[in-house]
Structures are given as C-alpha cells and as structure tokens.
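Colleague: The following file, protein04.txt, comprises compact mmCIF, C-alpha atoms:
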# COMPACT_ATOMS: atom_id res chain seq x y z
CA MET A 1 146.74 131.10 87.28
CA SER A 2 150.14 132.01 85.91
CA ASP A 3 150.69 128.44 84.74
CA ARG A 4 147.63 128.68 82.48
CA ARG A 5 148.52 131.57 80.24
CA THR A 6 151.66 133.48 81.18
CA SER A 7 155.21 132.39 81.69
CA ARG A 8 156.44 133.29 85.11
CA ALA A 9 158.45 136.44 85.33
CA GLN A 10 162.14 135.66 85.19
CA GLY A 11 163.04 138.94 86.81
CA PRO A 12 163.97 142.07 84.88
CA GLY A 13 166.43 140.04 82.76
CA LEU A 14 170.08 140.51 82.03
CA ARG A 15 169.80 143.50 79.68
CA ALA A 16 167.46 145.36 82.02
CA ALA A 17 169.63 144.52 84.98
CA SER A 18 172.65 146.02 83.35
CA SER A 19 170.79 149.17 82.33
CA GLY A 20 169.25 149.84 85.73
CA THR A 21 172.47 150.74 87.52
CA SER A 22 175.85 152.27 86.77
CA ASN A 23 177.57 150.22 89.48
CA PRO A 24 179.68 147.64 87.57
CA ARG A 25 179.72 145.27 90.53
CA LEU A 26 175.92 145.21 90.77
CA VAL A 27 175.65 144.64 87.01
CA GLY A 28 177.97 141.65 87.22
CA LEU A 29 176.22 140.19 90.27
CA SER A 30 172.80 140.64 88.64
CA ARG A 31 173.92 138.90 85.46
CA ALA A 32 175.39 136.02 87.43
CA GLY A 33 172.28 135.73 89.59
CA TYR A 34 169.80 135.63 86.73
CA ARG A 35 171.99 133.26 84.71
CA ALA A 36 172.02 130.85 87.67
CA LEU A 37 168.28 131.32 88.13
CA GLU A 38 167.58 130.41 84.50
CA LYS A 39 169.61 127.21 84.97
CA ARG A 40 167.77 126.47 88.25
CA ARG A 41 170.96 126.68 90.30
CA LEU A 42 168.93 128.22 93.07
CA ASP A 43 171.44 128.24 95.94
CA GLU A 44 173.98 129.92 93.67
CA ALA A 45 171.42 132.47 92.45
CA GLN A 46 170.46 133.30 96.01
CA ARG A 47 174.10 133.92 96.95
CA TRP A 48 174.55 136.38 94.05
CA PHE A 49 171.36 138.27 94.92
CA ASP A 50 172.27 138.36 98.63
CA GLN A 51 175.59 139.94 97.67
CA MET A 52 173.72 142.57 95.67
CA LEU A 53 171.69 143.49 98.74
CA GLN A 54 174.89 143.88 100.74
CA VAL A 55 175.94 146.52 98.23
CA GLU A 56 172.49 148.13 97.89
CA ALA A 57 169.90 147.07 100.49
CA ARG A 58 166.82 147.92 98.36
CA ASN A 59 168.06 146.86 94.94
CA THR A 60 164.95 145.90 93.03
CA TYR A 61 166.71 143.45 90.71
CA ALA A 62 168.00 141.50 93.68
CA LEU A 63 164.62 141.57 95.43
CA VAL A 64 162.78 140.30 92.34
CA GLY A 65 165.50 137.71 91.84
CA LEU A 66 165.12 136.43 95.40
CA ALA A 67 161.35 136.31 94.92
CA GLU A 68 161.82 134.13 91.83
CA VAL A 69 164.22 131.85 93.71
CA ALA A 70 161.58 131.41 96.42
CA ARG A 71 158.87 130.79 93.82
CA LYS A 72 160.93 128.08 92.12
CA ARG A 73 161.21 126.47 95.55
CA ASN A 74 157.40 126.61 95.84
CA ASP A 75 157.72 129.03 98.75
CA LEU A 76 154.89 131.32 97.69
CA LYS A 77 154.68 133.23 100.95
CA GLY A 78 158.40 133.90 100.85
CA ALA A 79 158.17 134.98 97.21
CA LEU A 80 155.30 137.35 97.98
CA GLY A 81 157.36 138.84 100.80
CA TRP A 82 160.26 139.61 98.47
CA PHE A 83 157.95 141.04 95.80
CA THR A 84 156.36 143.22 98.48
CA GLN A 85 159.76 144.53 99.57
CA CYS A 86 160.50 145.42 95.96
CA LEU A 87 157.19 147.29 95.67
CA GLU A 88 157.98 149.22 98.85
CA ALA A 89 161.16 150.36 97.15
CA GLU A 90 159.55 150.88 93.71
CA PRO A 91 155.71 150.78 93.79
CA SER A 92 155.40 150.73 89.99
CA ASN A 93 157.83 147.87 89.32
CA PRO A 94 155.95 145.76 86.72
CA PHE A 95 157.86 142.55 87.44
CA ALA A 96 157.09 142.76 91.14
CA LEU A 97 153.45 143.68 90.53
CA LYS A 98 152.96 140.72 88.20
CA GLY A 99 154.79 138.34 90.51
CA ALA A 100 152.90 139.56 93.58
CA ALA A 101 149.56 139.16 91.78
CA GLU A 102 150.37 135.60 90.72
CA CYS A 103 151.60 134.59 94.18
CA ALA A 104 148.56 136.15 95.86
CA TRP A 105 146.30 134.22 93.48
CA GLU A 106 147.98 130.93 94.34
CA LEU A 107 147.67 131.80 98.04
CA ARG A 108 143.97 132.64 97.50
CA ASP A 109 144.51 136.20 98.67
CA TYR A 110 142.26 137.49 95.90
CA ARG A 111 141.91 141.03 97.18
CA ARG A 112 145.65 141.52 97.19
CA CYS A 113 145.84 139.84 93.78
CA VAL A 114 143.28 142.26 92.32
CA GLN A 115 145.06 145.27 93.81
CA ALA A 116 148.30 144.23 92.14
CA TRP A 117 146.69 143.68 88.73
CA GLU A 118 144.85 147.03 89.01
CA THR A 119 148.12 148.81 89.73
CA LEU A 120 149.85 147.02 86.87
CA LEU A 121 147.14 148.26 84.49
CA GLU A 122 147.74 151.82 85.68
CA VAL A 123 151.49 151.39 85.23
CA SER A 124 151.62 149.51 81.94
CA GLY A 125 148.38 150.53 80.25
CA PRO A 126 145.57 148.30 78.87
CA ASP A 127 146.58 144.71 78.29
CA ALA A 128 144.24 141.81 77.44
CA SER A 129 146.10 139.28 79.56
CA VAL A 130 146.19 141.53 82.63
CA LEU A 131 142.51 142.42 82.19
CA THR A 132 141.63 138.73 82.05
CA HIS A 133 143.58 138.04 85.24
CA LEU A 134 141.85 141.00 86.85
CA ALA A 135 138.43 139.70 85.76
CA ASP A 136 139.27 136.32 87.30
CA GLY A 137 140.10 138.09 90.55
CA TYR A 138 136.86 140.10 90.58
CA ARG A 139 134.96 136.86 89.99
CA ARG A 140 136.64 135.25 93.00
CA LEU A 141 135.75 138.30 95.09
CA GLY A 142 132.08 137.97 94.13
CA ASP A 143 131.95 141.12 92.00
CA PRO A 144 130.32 139.85 88.77
CA ALA A 145 129.67 143.28 87.26
CA ARG A 146 133.31 144.37 87.36
CA SER A 147 134.41 140.90 86.32
CA GLU A 148 132.21 140.94 83.22
CA ALA A 149 133.34 144.43 82.32
CA ALA A 150 137.01 143.41 82.55
CA TYR A 151 136.47 140.26 80.45
CA ARG A 152 134.67 142.29 77.80
CA ARG A 153 137.44 144.92 77.73
CA ALA A 154 139.96 142.12 77.26
CA LEU A 155 137.91 140.72 74.39
CA GLU A 156 137.68 144.13 72.74
CA MET A 157 141.48 144.07 72.61
CA ASP A 158 141.81 140.37 71.76
CA PRO A 159 138.50 138.90 70.47
CA THR A 160 139.84 135.33 70.40
CA ASN A 161 141.40 135.33 73.88
CA ARG A 162 140.43 131.85 75.06
CA TYR A 163 140.96 132.59 78.73
CA ALA A 164 138.71 135.65 78.63
CA LEU A 165 136.04 133.75 76.66
CA ASN A 166 136.13 130.79 79.04
CA GLY A 167 136.12 133.02 82.11
CA LEU A 168 133.20 135.04 80.74
CA GLY A 169 131.33 131.83 79.91
CA ASN A 170 131.77 130.52 83.44
CA LEU A 171 130.78 133.85 84.96
CA LEU A 172 127.58 134.05 82.91
CA PHE A 173 126.73 130.38 83.52
CA ASP A 174 127.05 130.88 87.29
CA ALA A 175 124.72 133.88 86.95
CA GLU A 176 122.20 131.58 85.19
CA ARG A 177 122.54 133.61 81.99
CA TYR A 178 122.79 130.42 79.99
CA ALA A 179 122.12 131.87 76.52
CA ASP A 180 124.84 134.50 77.04
CA ALA A 181 127.26 131.87 78.36
CA ALA A 182 126.51 129.75 75.28
CA GLU A 183 127.49 132.67 73.04
CA ALA A 184 130.89 132.99 74.75
CA TRP A 185 131.57 129.25 74.47
CA ASP A 186 130.39 129.22 70.83
CA ARG A 187 133.15 131.70 70.07
CA LEU A 188 135.63 129.34 71.72
CA LEU A 189 134.29 126.37 69.75
CA HIS A 190 134.64 128.32 66.52
CA ARG A 191 138.34 128.55 67.32
CA ASP A 192 138.72 125.04 68.75
CA PRO A 193 135.77 122.80 67.77
CA SER A 194 137.29 119.68 69.38
CA ASN A 195 137.70 121.15 72.86
CA VAL A 196 135.94 118.56 75.05
CA GLN A 197 135.69 120.82 78.10
CA VAL A 198 134.00 123.57 76.10
CA LEU A 199 131.69 121.10 74.35
CA VAL A 200 130.54 119.89 77.78
CA CYS A 201 130.05 123.46 78.99
CA ARG A 202 128.07 124.23 75.85
CA GLY A 203 125.92 121.14 76.36
CA ASN A 204 125.27 122.17 79.95
CA CYS A 205 123.86 125.49 78.71
CA GLU A 206 121.33 123.65 76.56
CA ARG A 207 120.54 121.28 79.42
CA LYS A 208 119.81 124.24 81.70
CA LEU A 209 117.68 125.79 78.93
CA ARG A 210 115.89 122.42 78.72
CA ASP A 211 116.73 121.96 75.07
CA PHE A 212 117.79 118.37 75.72
CA GLN A 213 117.94 117.38 72.06
CA ARG A 214 120.42 120.14 71.26
CA GLY A 215 122.35 119.49 74.45
CA LEU A 216 122.67 115.85 73.43
CA LEU A 217 124.51 116.90 70.26
CA PHE A 218 127.26 118.67 72.22
CA PHE A 219 127.65 115.92 74.82
CA THR A 220 127.71 113.21 72.15
CA GLU A 221 130.44 115.03 70.23
CA ALA A 222 132.47 115.40 73.43
CA ALA A 223 132.10 111.66 74.14
CA ARG A 224 133.09 110.84 70.56
CA ILE A 225 136.37 112.67 71.09
CA GLN A 226 136.93 111.40 74.64
CA ARG A 227 134.91 108.23 75.07
CA ASP A 228 135.13 107.88 78.86
CA ASN A 229 134.73 111.54 79.78
CA PHE A 230 132.58 111.49 82.90
CA TYR A 231 130.92 114.85 82.31
CA ALA A 232 130.08 114.12 78.67
CA LEU A 233 128.51 110.79 79.62
CA TYR A 234 126.62 112.41 82.49
CA GLY A 235 125.23 115.02 80.10
CA ILE A 236 124.15 112.35 77.60
CA ALA A 237 122.36 110.36 80.31
CA ASP A 238 120.67 113.43 81.77
CA CYS A 239 119.51 114.65 78.34
CA HIS A 240 117.99 111.23 77.62
CA ARG A 241 116.27 111.47 81.00
CA GLY A 242 114.95 114.93 80.11
CA LEU A 243 113.65 113.56 76.80
CA GLY A 244 111.90 110.71 78.61
CA SER A 245 114.18 108.09 77.01
CA HIS A 246 114.73 106.22 80.26
CA GLU A 247 116.13 103.05 78.66
CA LYS A 248 118.85 105.07 76.89
CA SER A 249 119.41 107.07 80.04
CA LEU A 250 119.93 103.86 82.04
CA GLU A 251 122.33 102.53 79.41
CA THR A 252 124.51 105.61 79.84
CA TRP A 253 124.31 105.66 83.64
CA LEU A 254 125.61 102.08 83.57
CA ALA A 255 128.41 103.13 81.20
CA ILE A 256 129.41 105.79 83.73
CA LEU A 257 129.41 103.21 86.52
CA ARG A 258 131.92 101.19 84.51
CA VAL A 259 134.15 104.28 84.41
CA SER A 260 133.36 105.43 87.95
CA PRO A 261 132.20 102.41 89.98
CA GLY A 262 130.75 103.08 93.41
CA ASN A 263 129.63 106.60 92.50
CA ARG A 264 126.70 107.25 94.83
CA ILE A 265 125.07 109.92 92.66
CA ILE A 266 125.20 107.75 89.54
CA LEU A 267 123.86 104.73 91.43
CA THR A 268 120.89 106.84 92.49
CA ARG A 269 120.35 108.05 88.91
CA ALA A 270 120.47 104.44 87.70
CA GLY A 271 117.86 103.60 90.34
CA ASP A 272 115.65 106.43 89.09
CA ALA A 273 115.92 105.17 85.51
CA CYS A 274 115.03 101.61 86.54
CA ARG A 275 112.05 102.90 88.54
CA SER A 276 110.86 104.89 85.51
CA ILE A 277 110.80 101.78 83.32
CA GLY A 278 109.17 99.63 86.01
CA GLU A 279 112.19 97.58 87.08
CA LEU A 280 111.49 98.17 90.76
CA ASP A 281 113.62 95.39 92.24
CA GLN A 282 116.71 96.53 90.33
CA ALA A 283 115.93 100.16 91.20
CA GLU A 284 115.84 99.33 94.89
CA ARG A 285 119.16 97.48 94.61
CA TYR A 286 120.80 100.57 93.12
CA TYR A 287 119.28 102.83 95.77
CA ARG A 288 120.44 100.57 98.60
CA GLU A 289 123.91 100.28 97.11
CA ALA A 290 124.06 104.07 97.01
CA LEU A 291 122.96 104.28 100.65
CA SER A 292 125.61 101.75 101.66
CA LEU A 293 128.14 104.42 100.64
CA GLY A 294 126.55 107.11 102.80
CA PHE A 295 123.35 109.09 103.20
CA ASP A 296 121.73 110.09 99.92
CA LEU A 297 118.51 112.08 99.99
CA TYR A 298 117.44 111.07 96.50
CA ALA A 299 118.06 107.37 97.06
CA GLU A 300 115.87 107.61 100.17
CA ILE A 301 113.16 109.34 98.14
CA GLY A 302 113.49 106.65 95.46
CA ILE A 303 112.92 103.87 97.99
CA ALA A 304 109.89 105.70 99.39
CA LEU A 305 108.43 106.03 95.89
CA ILE A 306 108.93 102.30 95.28
CA GLN A 307 107.14 101.59 98.55
CA MET A 308 104.30 103.84 97.44
CA ILE A 309 104.04 102.11 94.06
CA GLU A 310 103.96 98.72 95.78
CA GLY A 311 101.24 99.91 98.18
CA SER A 312 103.38 100.08 101.34
CA LEU A 313 102.11 103.57 102.06
CA ALA A 314 102.70 103.79 105.80
CA PRO A 315 106.45 102.97 105.55
CA ALA A 316 106.76 105.37 102.61
CA VAL A 317 105.10 108.21 104.54
CA ASN A 318 107.26 107.51 107.62
CA ARG A 319 110.45 107.55 105.53
CA LEU A 320 109.54 110.83 103.86
CA GLN A 321 108.55 112.46 107.14
CA ARG A 322 111.99 111.59 108.53
CA LEU A 323 113.58 113.12 105.46
CA LEU A 324 111.46 116.24 105.91
CA GLU A 325 112.88 116.66 109.41
CA ARG A 326 116.37 116.79 107.83
CA GLU A 327 115.40 119.04 104.93
CA PRO A 328 112.15 120.87 105.78
CA SER A 329 111.92 122.86 102.54
CA ASN A 330 113.19 120.36 99.97
CA PRO A 331 110.65 120.42 97.11
CA ARG A 332 111.31 116.82 96.06
CA VAL A 333 110.58 115.53 99.57
CA LEU A 334 107.49 117.72 99.90
CA ARG A 335 106.16 116.60 96.53
CA ALA A 336 106.78 112.89 97.24
CA LEU A 337 105.21 113.16 100.69
CA ALA A 338 102.14 114.89 99.27
CA ASP A 339 101.77 112.11 96.68
CA CYS A 340 102.06 109.43 99.37
CA GLU A 341 99.60 111.15 101.69
CA ARG A 342 97.09 111.52 98.85
CA ALA A 343 97.47 107.85 98.00
CA ALA A 344 97.05 106.91 101.68
CA ALA A 345 93.96 109.13 101.97
CA GLY A 346 92.51 107.58 98.82
CA GLU A 347 93.15 104.08 100.15
CA ALA A 348 91.50 104.96 103.45
CA ALA A 349 88.51 106.45 101.67
CA ALA A 350 88.19 103.37 99.49
CA ALA A 351 88.41 101.11 102.52
CA GLY A 352 85.77 103.20 104.29
CA GLY A 353 83.49 103.04 101.26
CA THR A 354 83.84 99.27 101.06
CA SER A 355 83.00 98.90 104.75
CA ALA A 356 79.94 101.11 104.39
CA ALA A 357 78.72 99.14 101.38
CA GLY A 358 79.20 95.89 103.29
CA ALA A 359 77.27 97.19 106.27
CA SER A 360 74.46 98.36 103.98
CA ALA A 361 74.28 94.94 102.35
CA ARG A 362 74.06 93.32 105.73
When written as structure tokens, how does the structure in this file appear?

Modeller:
Amino acid sequence: MSDRRTSRAQGPGLRAASSGTSNPRLVGLSRAGYRALEKRRLDEAQRWFDQMLQVEARNTYALVGLAEVARKRNDLKGALGWFTQCLEAEPSNPFALKGAAECAWELRDYRRCVQAWETLLEVSGPDASVLTHLADGYRRLGDPARSEAAYRRALEMDPTNRYALNGLGNLLFDAERYADAAEAWDRLLHRDPSNVQVLVCRGNCERKLRDFQRGLLFFTEAARIQRDNFYALYGIADCHRGLGSHEKSLETWLAILRVSPGNRIILTRAGDACRSIGELDQAERYYREALSLGFDLYAEIGIALIQMIEGSLAPAVNRLQRLLEREPSNPRVLRALADCERAAAGEAAAAGGTSAAGASAR
C-alpha cells in the first residue's frame, strides 16, 4: 500500500529530532541514527537508536527509528511492535501512526490499519492521501458505504487523485454498479488515456452492461498499446462472443492460447467457439485438452452438448446428471440437462409414433 503512493516515513527527520529534545546527547545520537538509516547502514543505525533508549527509555525518535530499521529489513511485525511502543508513549505521533497503518496493511491486519488512519485524520486533519488509504481499509473490512464516503471525500479535496478514482471504480464494480464505476474510470482515462489497466476495467464495465460493441473499443485500444495483454485479449474475445461473432471470438481465444498455452479456461472457451460454428471434432479436442488439466465444469457441459447434437442423448443425460450431483443449482447444467431430456423425450415420442404407424400398416 505504501509502495503505491507514499514514500515510507523516514522517521521524524534530523531537524525534528533536534527540536524535540534539549538533551544534546540525544540530539547527536538521533542525527547519527537517521543519517545511517538514510544510507541503509542498518546495524549502525540500530546501535545509535539503542543508545538513545538507554538515555531515555521511551524516546519517540528512537522508537520510530528502530521501527524503520526493522521495516527496511522486511521485519513488518517487529516494525509494528516498535511503532506501537511509540504510540503508547505518544498516541498522536503522526510518524508512528502512518508507519503502523502501513505495516498493519502489509500484514493484512485491516482493522488495526483503519484505526491508525482514523487516528491520523483526527491528529493531522483532512488529507486526500490518508482518506484514500482509509477507504482502502474500509473496503477490505467489507464496509462499502464508509469506503465510498472516504473515497468521495478524498476526491473533493483532490479531484484527480488516481488512487482514489481507481479504488472507487473497483468498489463500485464489485457492487455491480457498473455505470458508476465507468464514470470513475472515465475520469482516470481523461488524465491518462493510455493506461492499459484502466482501459480493461472500462471495457469490463461495458461487457457487464452487455454493450459489447462499446466494450470492444476499450479492449481493442488496450491491446493496441500492449499487444499480448491477457485481459485485453480476453475482453476482445468475450465481446465478439457476445456479439455472436464466433469466428472472430475463436481467432482471439487462439491468440490468447499462444500467450498463455495450457490455460484450461481459454481451452474451454475455444471449444465453445468451435461448437458454435459447427466444428464439433475440434471443439471436443479443446474440451478434452482442458479436462486433461483438471476438472472443468464447462468443458464437461460442452462435451455433453456435442453428444446431444450428435444424437448420443443417453450419454449426454448421464454426464449432465453426474454434474448436477456436484453442482445441484448450477443454471448452465440445469439448462443443458433440460434440453437433453426434451430431445430424448422427443426422440422417444417419435420412435413410439413410428412403431404405432408400422403396427397400423400391418
């Protein structure tokens, strides 16, 4: 989280360290410690900060300094412990609050992360970056209302904040508010029209809204900028599928397989495209290749539908009934099974009618 949009706190800094105490020895030790920290001489920095604590056991500059030493060593739990000790000594210390929030985020302790950002807001006043971090935390805690409110407050302060716009877009997309998500990502694209990730997100909104033609524009632009981008190619193929252009869809699924060979999902999609254009043998090969990589519900359904098309109704019904035991409420399985059972009933009725006509003729 901190790597994305804020430089890590480097402690209170030399000027602040010298102004926070009248003890000349502590000032000198603090300066030496932070100078060593900036040069990544971590063992040396730790020795200076340890000496500070020998002089003053709860010195906040030393505690923050030791937290930063631990963080540079990728010891996040240790860093959080030092930041916590600093906050016990000075609950409103902004450097410790920020550092604790960032460490808690990395450790996926989102509740503690949110508490630290909330306190920092109270201490330092409204800040777009802090509000965005806080919104991210609320989103992780499953509190979309507070998350949206925090993102929007951040955007009131900084309307072009890309992290707030992207976070808001993701939040709204997850809530299936696709038109609202599109608006947030449009604002990002206005600022950075060549952002492939945002173009893909924007295309996904249109795909969910079933405006496949418009979605295709965004995915195609993303693929123009980054030719082998998996998600852009996937969006292009799926939009062609939604538009009923199965040949174009197949062409793109095959392009993805060149980028990502052995992808079970894409193999199944390629099988679906082949089945839609009547290439049943090739469709079955893709489905079986997908199944060789592990169970795939949709490849199994695809094989059953091929069996139905070819008139092998009993095997198709048996396959789908087995799938229904695994996923009793899956609508695709239920729909395919109903189609097969209707076809089987129609075949039986036709066979019965033929027998009756033959008996009458006799």

Colleague: Per residue of range 201-317 of chain A within 10 Å of range 169-183 of chain A, what are the shortest atom pair and its distance in Å to one decimal, counting all atoms listed in the file, with rows by chain and residue number, as a tab-separated table?

Modeller:
residue	atom	partner	partner_atom	distance
A:Cys201	CA	A:Ala182	CA	8.1
A:Arg202	CA	A:Ala182	CA	5.8
A:Gly203	CA	A:Ala182	CA	8.7
A:Asn204	CA	A:Tyr178	CA	8.6
A:Cys205	CA	A:Tyr178	CA	5.2
A:Glu206	CA	A:Tyr178	CA	7.7
A:Arg207	CA	A:Tyr178	CA	9.4
A:Lys208	CA	A:Tyr178	CA	7.1
A:Leu209	CA	A:Tyr178	CA	7.0

Colleague: Check the smallest atom-to-atom distance from each of A:Leu216, A:Glu38, A:His240, A:Leu313 to Ala348 in chain A using all atoms listed in the file, then report the winner.

Modeller: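 Between A:Leu216, A:Glu38, A:His240, A:Leu313, the residue approaching Ala348 in chain A most closely is A:Leu313.
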
Colleague: Pick out the residues sitting within 8 Å of range 221-226 of chain A, and hand them over as a list in words; count only C-alpha atoms, and ignore anything fewer than 2 positions along from it in its own chain.

Modeller: Ser194, Asn195, Val196, Gln197, Leu199, Val200, Leu217, Phe218, Phe219, Asp228, Asn229, Ala232 and Leu233 of chain A

Colleague: Could you pull the residues within 7 Å of range 96-107 of chain A, counting all atoms listed in the file, minus those fewer than 3 positions along the same chain, as a PDB file with C-alpha atoms, in the coordinates of the input?

Modeller:
ATOM      1  CA  MET A   1     146.740 131.100  87.280  1.00  0.00           C
ATOM      2  CA  SER A   2     150.140 132.010  85.910  1.00  0.00           C
ATOM      3  CA  ALA A   9     158.450 136.440  85.330  1.00  0.00           C
ATOM      4  CA  VAL A  64     162.780 140.300  92.340  1.00  0.00           C
ATOM      5  CA  LEU A  76     154.890 131.320  97.690  1.00  0.00           C
ATOM      6  CA  LEU A  80     155.300 137.350  97.980  1.00  0.00           C
ATOM      7  CA  PHE A  83     157.950 141.040  95.800  1.00  0.00           C
ATOM      8  CA  CYS A  86     160.500 145.420  95.960  1.00  0.00           C
ATOM      9  CA  LEU A  87     157.190 147.290  95.670  1.00  0.00           C
ATOM     10  CA  ASN A  93     157.830 147.870  89.320  1.00  0.00           C
ATOM     11  CA  TYR A 110     142.260 137.490  95.900  1.00  0.00           C
ATOM     12  CA  ARG A 112     145.650 141.520  97.190  1.00  0.00           C
ATOM     13  CA  CYS A 113     145.840 139.840  93.780  1.00  0.00           C
ATOM     14  CA  ALA A 116     148.300 144.230  92.140  1.00  0.00           C
ATOM     15  CA  TRP A 117     146.690 143.680  88.730  1.00  0.00           C
ATOM     16  CA  LEU A 120     149.850 147.020  86.870  1.00  0.00           C
TER      17      LEU A 120
END

Colleague: Would you list the residues near (116.0, 114.9, 81.4), meaning any protein, DNA or RNA residue with an atom at most 12 Å from that point in file coordinates, counting only C-alpha atoms, as a PyMOL selection string?

Modeller: chain A and resi 204+206-213+215-216+234-246+248-250+269+272-273+276
